[in-house]
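Novice: Quick one: the structure is below, and I'll ask about it shortly.
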Amino acid sequence: MSAATDDPPWARRLLIALACVLGVLIFLAPLAAIFVEALRRGLEPALEAIAEPDALAAMRLTLLVAAIAVPVNTLGGLAASWAIAKFDFPGRRLLVTLIELPFSVSPVISGLVYVLIFGAQGWFGEWLRDRDIQIIFALPGLVLATTFVTFPFVARTLLPLMQEQGREEEEAAATLGAGGLQTFLRVTLPNVKWALLGGVLLCNARAMGEFGAVAVVSGHIRGQTNTMPLHVEILYNEYMFVGAFAVASLLALLGLVTLGAKAVLEYWTSRPIGMGA
Amino acid sequence: MTAATARAPRQALPGLGLSLGVTLAWLGLIVLIPLSALAIKPWSLGIGGIAAVLLDERVLAAFRLSFGTALLAAAISLPLGLLFAWVITRYRFPGRRLLDAMVDLPFALPTAVAGLALTALFAGNGWLGAPLAAAFGWQVAYRPAGVLVALVFVALPFVIRSVEPVLRDLALEGEEAAATLGATRTQTLRRVVLPALAPSLCTGFGLGFGRAVGEYGSVIFIAGNMPMVTEIAPLLIVLKLEQYDDAAAAAIGLAMLVLAFLILLLLNLVQRGLRRGRA
């Protein structure tokens with residue numbers, strides 16, 4: 001760095017100190033507060049709250065919902081990135097915009113749209129009631145709302161990389177006689193595997209932590225349609241603060257593990273994986 | 001003819017039909033058809049019915065709070081985001097990587113968890129709430145200020161992550177040239193660096209606002225949800241649904257999306273002006 005582009009030492013020290021203090025206050029203090037509140041009365045009550053049957057049921061449900069929503073969006077994201085990056089067809093930019101659309105929709109609206117279709121007064125409400133099929137206030141509704149809010153994650157991590165890598169390798173494989181599936185599995189997939197893993201991790205973290213969208217479509221039935229974030233809310237509203245923060249710290253740990261895994265992947269591939277922006 | 005022969009092998013790559021088919025089915029079933037329900041449902045109330053829902057005092061107050069605090073939160077995030085992005089990209093100091101990682105925490109923490117944490121921090125007896133009350137008599141939790149705090153928390157990382165790559169790629173030559181020509185450091189920053197960053201600040205503002213305006217989980221715990229005072233628009237959708245008034249909920253949802261879209265469109269025009277101004 002030359003003197004011309006250097007800030008004076010006092011300014012540099014001031015800015016670094018300011019950023020560090022604000023960073024601790026804005027980002028670190030909330031994280032610390034969760035664990036401190038969870039352990040307020042020691043480790044035992046926190047562990048009890050986590051091992052309680054309703055909490056365990058919420059964890060199972062959260063895992064189940066993510067286990068359906070994440071593969072659906074992984075498959076869709078792979079298909080979309082492959083189609084957009086490897087082929088020419090009109091409307092590709094529109095397609096990208098539409099795929100990213102769920103990120104600009106409020107989580108509450110993401111749940112609301114499924115109520116409008118499958119709820120009691122919805123388009124298929126009567127039809128479903130006659131057949132005794134429940135979507136809203138049941139597992140399918142939770143899965144749909146979660147799939148909506150986590151929709152773009154895999155596609156948006158893969159697409160820029162696939163576009164950068166171009167089509168030469170796939171075209172070479174095709175020229176040598178490889179079929180579409182073979183080309184995809186042997187050429188494309190190995191080239192993008194780390195980005196794919198990154199996208200899946202982010203998608204999963206959001207799926208397990210989603211609150212607003214599932215709050216609308218869950219009937220808040222304890223032990224049945226309560227995911228972990230909803231269980232946190234119920235405990236909090238019942239003034240079971242230690243329990244609420246104990247379950248919340250599990251979700252916070254999930255976020256921290258995801259951040260750590262993201263950092264490792266970025267270090268390996270020396271490519272940033274965008275989180276939310 | 002040359003164009004045709006050049007394109008022929010490209011499209012010879014098999015799999016377009018299948019991958020595009022999967023993409024369109026996935027997009028249509030999960031996103032487009034459900035969103036079309038949001039566009040259609042409110043009209044079952046008629047224009048008058050929609051107007052009655054939206055012009056209700058409580059709904060208007062919620063829109064003012066949601067859009068006002070989201071815009072304010074995005075605006076507050078601009079100088080804060082610039083500070084973090086500047087310090088992370090321009091300076092080397094112990095703890096820099098940690099600071100860089102910390103910035104992603106709002107993306108990584110589930111919204112309900114963030115909401116609980118912020119409430120604990122800013123409550124009357126919280127680590128930040130108690131000193132603020134003692135020193136300035138400020139109450140943050142269960143006030144509009146609490147909504148603002150939560151929205152800054154979710155919007156700030158968008159500004160930082162939008163500005164950071166531009167700042168990193170910004171060649172130092174421009175700053176050097178300005179300094180050589182006799183500009184002071186302040187002049188250089190104001191005339192050279194800031195204009196170069198303006199479009200990315202705009203992008204970050206838009207992303208942060210877009211996220212903040214629809215935010216639910218981080219806000220409802222700290223807001224206290226008092227009608228007319230700290231009730232956000234997404235919460236009204238939830239309340240309307242609890243009263244089985246789906247059409248009113250859809251009307252509020254559609255109005256939120258349209259209004260947010262218009263604001264982002266306006267921002268896009270501003271951004272284009274900024275880009276053109278530089279070129």
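If you're wondering about the labels, chains in the structure tokens are A, B, ... by order shown, residues count from 1 in each chain, ligands from 1 in order shown.
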So that each row is one residue of region 8-105 of chain B with an atom at most 6 Å from region 231-246 of chain B, can you give its shortest atom pair and the distance in Å to one decimal, using only C-alpha atoms, rows by chain and rising number, as a tab-separated table?

Specialist:
```
residue	atom	partner	partner_atom	distance
B:Ala62	CA	B:Ile232	CA	4.8
B:Phe63	CA	B:Ala233	CA	5.6
B:Ser66	CA	B:Ile232	CA	5.3
```

Novice: Show me, as a list in words, the residues that have an atom within 7 Å of Gln271 (chain B) when counting only C-alpha atoms, minus same-chain residues fewer than 3 positions from it.

Specialist: Pro199, Cys202, Leu267, Asn268, Leu274 and Arg275 of chain B

Novice: Find the residues near region 46-60 of chain B: any atom within 7 Å, counting only C-alpha atoms, skip ones fewer than 6 places away on the same chain, and give them as a ChimeraX atom specification.

Specialist: /B:227-228,248,251-252

Novice: Could you please take those selected residues and save C-alpha atoms as an mmCIF file, in the first residue's frame?

Specialist:
```
data_model
loop_
_atom_site.group_PDB
_atom_site.id
_atom_site.type_symbol
_atom_site.label_atom_id
_atom_site.label_comp_id
_atom_site.auth_asym_id
_atom_site.auth_seq_id
_atom_site.Cartn_x
_atom_site.Cartn_y
_atom_site.Cartn_z
ATOM 1 C CA PRO B 227 -52.294 -2.761 17.554
ATOM 2 C CA MET B 228 -51.643 0.646 15.909
ATOM 3 C CA ALA B 248 -58.454 -10.057 3.574
ATOM 4 C CA ALA B 251 -55.387 -8.517 0.025
ATOM 5 C CA ILE B 252 -52.823 -7.389 2.622
#
```

Novice: Taking only C-alpha atoms into account, name the residue in A:Ala57, A:Leu142, A:Val187, A:Ile135 that is nearest to Ile117 (chain A).

Specialist: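 Closest candidate: A:Ile135.
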
Novice: Could you tell me how far CA of Leu230 (chain A) sits from CA of Phe211 (chain A), in Å to one decimal place?

Specialist: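 These atoms are spaced 6.6 Å apart.
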
Novice: So, counting only C-alpha atoms, which residue among B:Ala134, B:Leu259, B:Leu121, B:Val154 is closest to chain A?

Specialist: B:Leu121

Novice: Could you list, as a ChimeraX atom specification, the residues of chain A having an atom within 6 Å of chain B when counting only C-alpha atoms?

Specialist: /A:4-5,19,30,33-34,76,79-80,83,106,113,180,209,212,248,252,255,277

Novice: In terms of the shortest atom-to-atom distance over only C-alpha atoms, which of A:Gly177, A:Gly42, A:Gly219, A:Gly274 is closest to Leu202 (chain A)?

Specialist: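 Answer, going by the shortest atom-to-atom distance: A:Gly274.
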
Novice: I need the alpha helix (DSSP H) residues of region 71-274 of chain B per DSSP on the backbone, written as a ChimeraX atom specification.

Specialist: /B:71-90,96-102,105-108,111-122,129-136,144-169,172-180,185-188,194-214,217-223,233-242,246-274

Novice: Go ahead and write the selection's residues with C-alpha atoms as a short mmCIF file (atom, residue, chain, number, x, y, z; two decimals), in the first residue's frame.

Specialist:
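Full text of again_16.cif as output:
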```
data_model
loop_
_atom_site.label_atom_id
_atom_site.label_comp_id
_atom_site.auth_asym_id
_atom_site.auth_seq_id
_atom_site.Cartn_x
_atom_site.Cartn_y
_atom_site.Cartn_z
CA LEU B 71 -36.66 1.83 4.86
CA LEU B 72 -35.09 3.37 7.97
CA ALA B 73 -33.34 0.09 8.84
CA ALA B 74 -31.93 -0.16 5.30
CA ALA B 75 -30.80 3.48 5.53
CA ILE B 76 -29.09 2.93 8.90
CA SER B 77 -27.43 -0.15 7.41
CA LEU B 78 -25.73 1.96 4.72
CA PRO B 79 -23.11 3.74 6.90
CA LEU B 80 -22.81 0.72 9.23
CA GLY B 81 -22.40 -1.65 6.28
CA LEU B 82 -19.85 0.65 4.65
CA LEU B 83 -17.85 0.72 7.90
CA PHE B 84 -17.78 -3.08 8.22
CA ALA B 85 -17.02 -3.66 4.53
CA TRP B 86 -14.25 -1.03 4.61
CA VAL B 87 -12.58 -2.40 7.72
CA ILE B 88 -12.84 -6.02 6.52
CA THR B 89 -11.40 -5.35 3.04
CA ARG B 90 -8.90 -2.53 3.63
CA ARG B 96 -10.38 -9.63 11.03
CA ARG B 97 -11.44 -13.11 9.88
CA LEU B 98 -13.61 -13.49 12.96
CA LEU B 99 -15.30 -10.17 12.22
CA ASP B 100 -15.79 -11.28 8.61
CA ALA B 101 -17.45 -14.52 9.77
CA MET B 102 -19.59 -12.75 12.40
CA LEU B 105 -24.60 -14.59 11.68
CA PRO B 106 -27.94 -12.92 10.88
CA PHE B 107 -28.13 -15.08 7.73
CA ALA B 108 -27.33 -18.22 9.70
CA THR B 111 -35.36 -15.80 12.59
CA ALA B 112 -37.23 -16.94 15.69
CA VAL B 113 -33.91 -17.51 17.46
CA ALA B 114 -32.71 -14.04 16.49
CA GLY B 115 -36.01 -12.60 17.70
CA LEU B 116 -35.71 -14.29 21.09
CA ALA B 117 -32.08 -13.21 21.43
CA LEU B 118 -32.77 -9.56 20.58
CA THR B 119 -35.69 -9.49 23.01
CA ALA B 120 -33.48 -10.86 25.80
CA LEU B 121 -30.79 -8.29 24.98
CA PHE B 122 -33.05 -5.25 24.81
CA GLY B 129 -31.70 -2.73 27.48
CA ALA B 130 -30.68 -1.98 31.08
CA PRO B 131 -27.79 0.42 30.29
CA LEU B 132 -29.84 2.20 27.59
CA ALA B 133 -32.69 2.71 30.03
CA ALA B 134 -30.35 3.87 32.81
CA ALA B 135 -28.28 6.23 30.65
CA PHE B 136 -30.88 7.73 28.31
CA PRO B 144 -41.27 0.73 17.47
CA ALA B 145 -37.54 1.10 18.27
CA GLY B 146 -37.49 -2.64 18.94
CA VAL B 147 -38.87 -3.32 15.46
CA LEU B 148 -36.16 -1.08 14.03
CA VAL B 149 -33.39 -2.89 15.93
CA ALA B 150 -34.58 -6.27 14.64
CA LEU B 151 -34.81 -5.01 11.05
CA VAL B 152 -31.30 -3.47 11.15
CA PHE B 153 -30.05 -6.85 12.36
CA VAL B 154 -31.52 -8.63 9.32
CA ALA B 155 -30.77 -5.89 6.74
CA LEU B 156 -27.17 -5.02 7.66
CA PRO B 157 -25.44 -8.16 6.27
CA PHE B 158 -27.02 -7.54 2.85
CA VAL B 159 -25.36 -4.10 2.62
CA ILE B 160 -21.99 -5.43 3.85
CA ARG B 161 -21.97 -8.37 1.44
CA SER B 162 -23.07 -6.18 -1.50
CA VAL B 163 -20.39 -3.52 -0.97
CA GLU B 164 -17.53 -5.82 0.05
CA PRO B 165 -16.74 -7.45 -3.35
CA VAL B 166 -16.85 -4.07 -5.12
CA LEU B 167 -14.56 -2.51 -2.53
CA ARG B 168 -12.16 -5.45 -2.85
CA ASP B 169 -12.00 -5.18 -6.65
CA LEU B 172 -6.28 1.59 -5.85
CA GLU B 173 -4.99 3.46 -8.94
CA GLY B 174 -7.95 5.82 -8.92
CA GLU B 175 -7.25 6.79 -5.33
CA GLU B 176 -3.52 7.09 -6.03
CA ALA B 177 -4.16 9.29 -9.05
CA ALA B 178 -6.46 11.54 -7.06
CA ALA B 179 -3.87 11.84 -4.28
CA THR B 180 -1.12 12.59 -6.82
CA ARG B 185 -7.78 11.85 1.58
CA THR B 186 -11.29 13.09 2.41
CA GLN B 187 -11.73 14.52 -1.09
CA THR B 188 -10.52 11.26 -2.62
CA LEU B 194 -17.95 6.75 -2.70
CA PRO B 195 -19.27 7.24 -6.27
CA ALA B 196 -17.71 3.91 -7.26
CA LEU B 197 -19.47 2.22 -4.35
CA ALA B 198 -22.83 3.95 -4.80
CA PRO B 199 -24.42 1.31 -7.09
CA SER B 200 -23.49 -1.51 -4.73
CA LEU B 201 -24.75 0.48 -1.74
CA CYS B 202 -27.99 0.84 -3.67
CA THR B 203 -28.13 -2.92 -4.30
CA GLY B 204 -27.51 -3.63 -0.62
CA PHE B 205 -30.15 -1.11 0.39
CA GLY B 206 -32.67 -2.81 -1.90
CA LEU B 207 -31.86 -6.33 -0.72
CA GLY B 208 -31.89 -5.28 2.93
CA PHE B 209 -35.15 -3.39 2.57
CA GLY B 210 -36.76 -6.27 0.66
CA ARG B 211 -35.83 -8.71 3.39
CA ALA B 212 -36.75 -6.37 6.26
CA VAL B 213 -40.17 -5.37 5.00
CA GLY B 214 -41.48 -8.94 5.04
CA GLY B 217 -39.74 -14.11 13.12
CA SER B 218 -37.07 -11.65 14.24
CA VAL B 219 -39.64 -8.94 14.87
CA ILE B 220 -42.68 -10.38 16.60
CA PHE B 221 -40.94 -11.25 19.87
CA ILE B 222 -39.32 -7.85 20.40
CA ALA B 223 -42.22 -5.83 18.96
CA ALA B 233 -48.03 -5.95 8.33
CA PRO B 234 -47.04 -9.65 8.13
CA LEU B 235 -48.53 -10.15 11.60
CA LEU B 236 -51.87 -8.77 10.36
CA ILE B 237 -51.87 -11.48 7.67
CA VAL B 238 -51.46 -14.09 10.40
CA LEU B 239 -54.26 -12.51 12.46
CA LYS B 240 -56.63 -12.37 9.46
CA LEU B 241 -55.94 -16.04 8.78
CA GLU B 242 -56.68 -16.87 12.42
CA ASP B 246 -58.44 -15.57 3.83
CA ALA B 247 -59.41 -12.94 1.27
CA ALA B 248 -58.45 -10.06 3.57
CA ALA B 249 -55.16 -11.79 4.39
CA ALA B 250 -54.50 -12.18 0.66
CA ALA B 251 -55.39 -8.52 0.02
CA ILE B 252 -52.82 -7.39 2.62
CA GLY B 253 -50.23 -9.81 1.24
CA LEU B 254 -50.77 -8.67 -2.34
CA ALA B 255 -50.61 -5.00 -1.35
CA MET B 256 -47.33 -5.63 0.50
CA LEU B 257 -45.78 -7.33 -2.52
CA VAL B 258 -46.95 -4.65 -4.96
CA LEU B 259 -45.76 -1.78 -2.76
CA ALA B 260 -42.38 -3.41 -2.10
CA PHE B 261 -42.02 -4.09 -5.83
CA LEU B 262 -42.72 -0.44 -6.68
CA ILE B 263 -40.13 0.78 -4.15
CA LEU B 264 -37.52 -1.63 -5.53
CA LEU B 265 -38.36 -0.53 -9.08
CA LEU B 266 -37.80 3.10 -8.08
CA LEU B 267 -34.50 2.13 -6.48
CA ASN B 268 -33.49 0.35 -9.67
CA LEU B 269 -34.06 3.57 -11.63
CA VAL B 270 -31.95 5.52 -9.12
CA GLN B 271 -29.23 2.92 -9.47
CA ARG B 272 -29.27 3.18 -13.26
CA GLY B 273 -28.92 6.94 -12.93
CA LEU B 274 -25.91 6.42 -10.64
#
```

Novice: Please provide the set of residues having any atom within 8 Å of Pro102 (chain A), restricted to only C-alpha atoms, with same-chain residues fewer than 5 positions apart removed, written as a ChimeraX atom specification.

Specialist: /A:110,148-152 /B:31
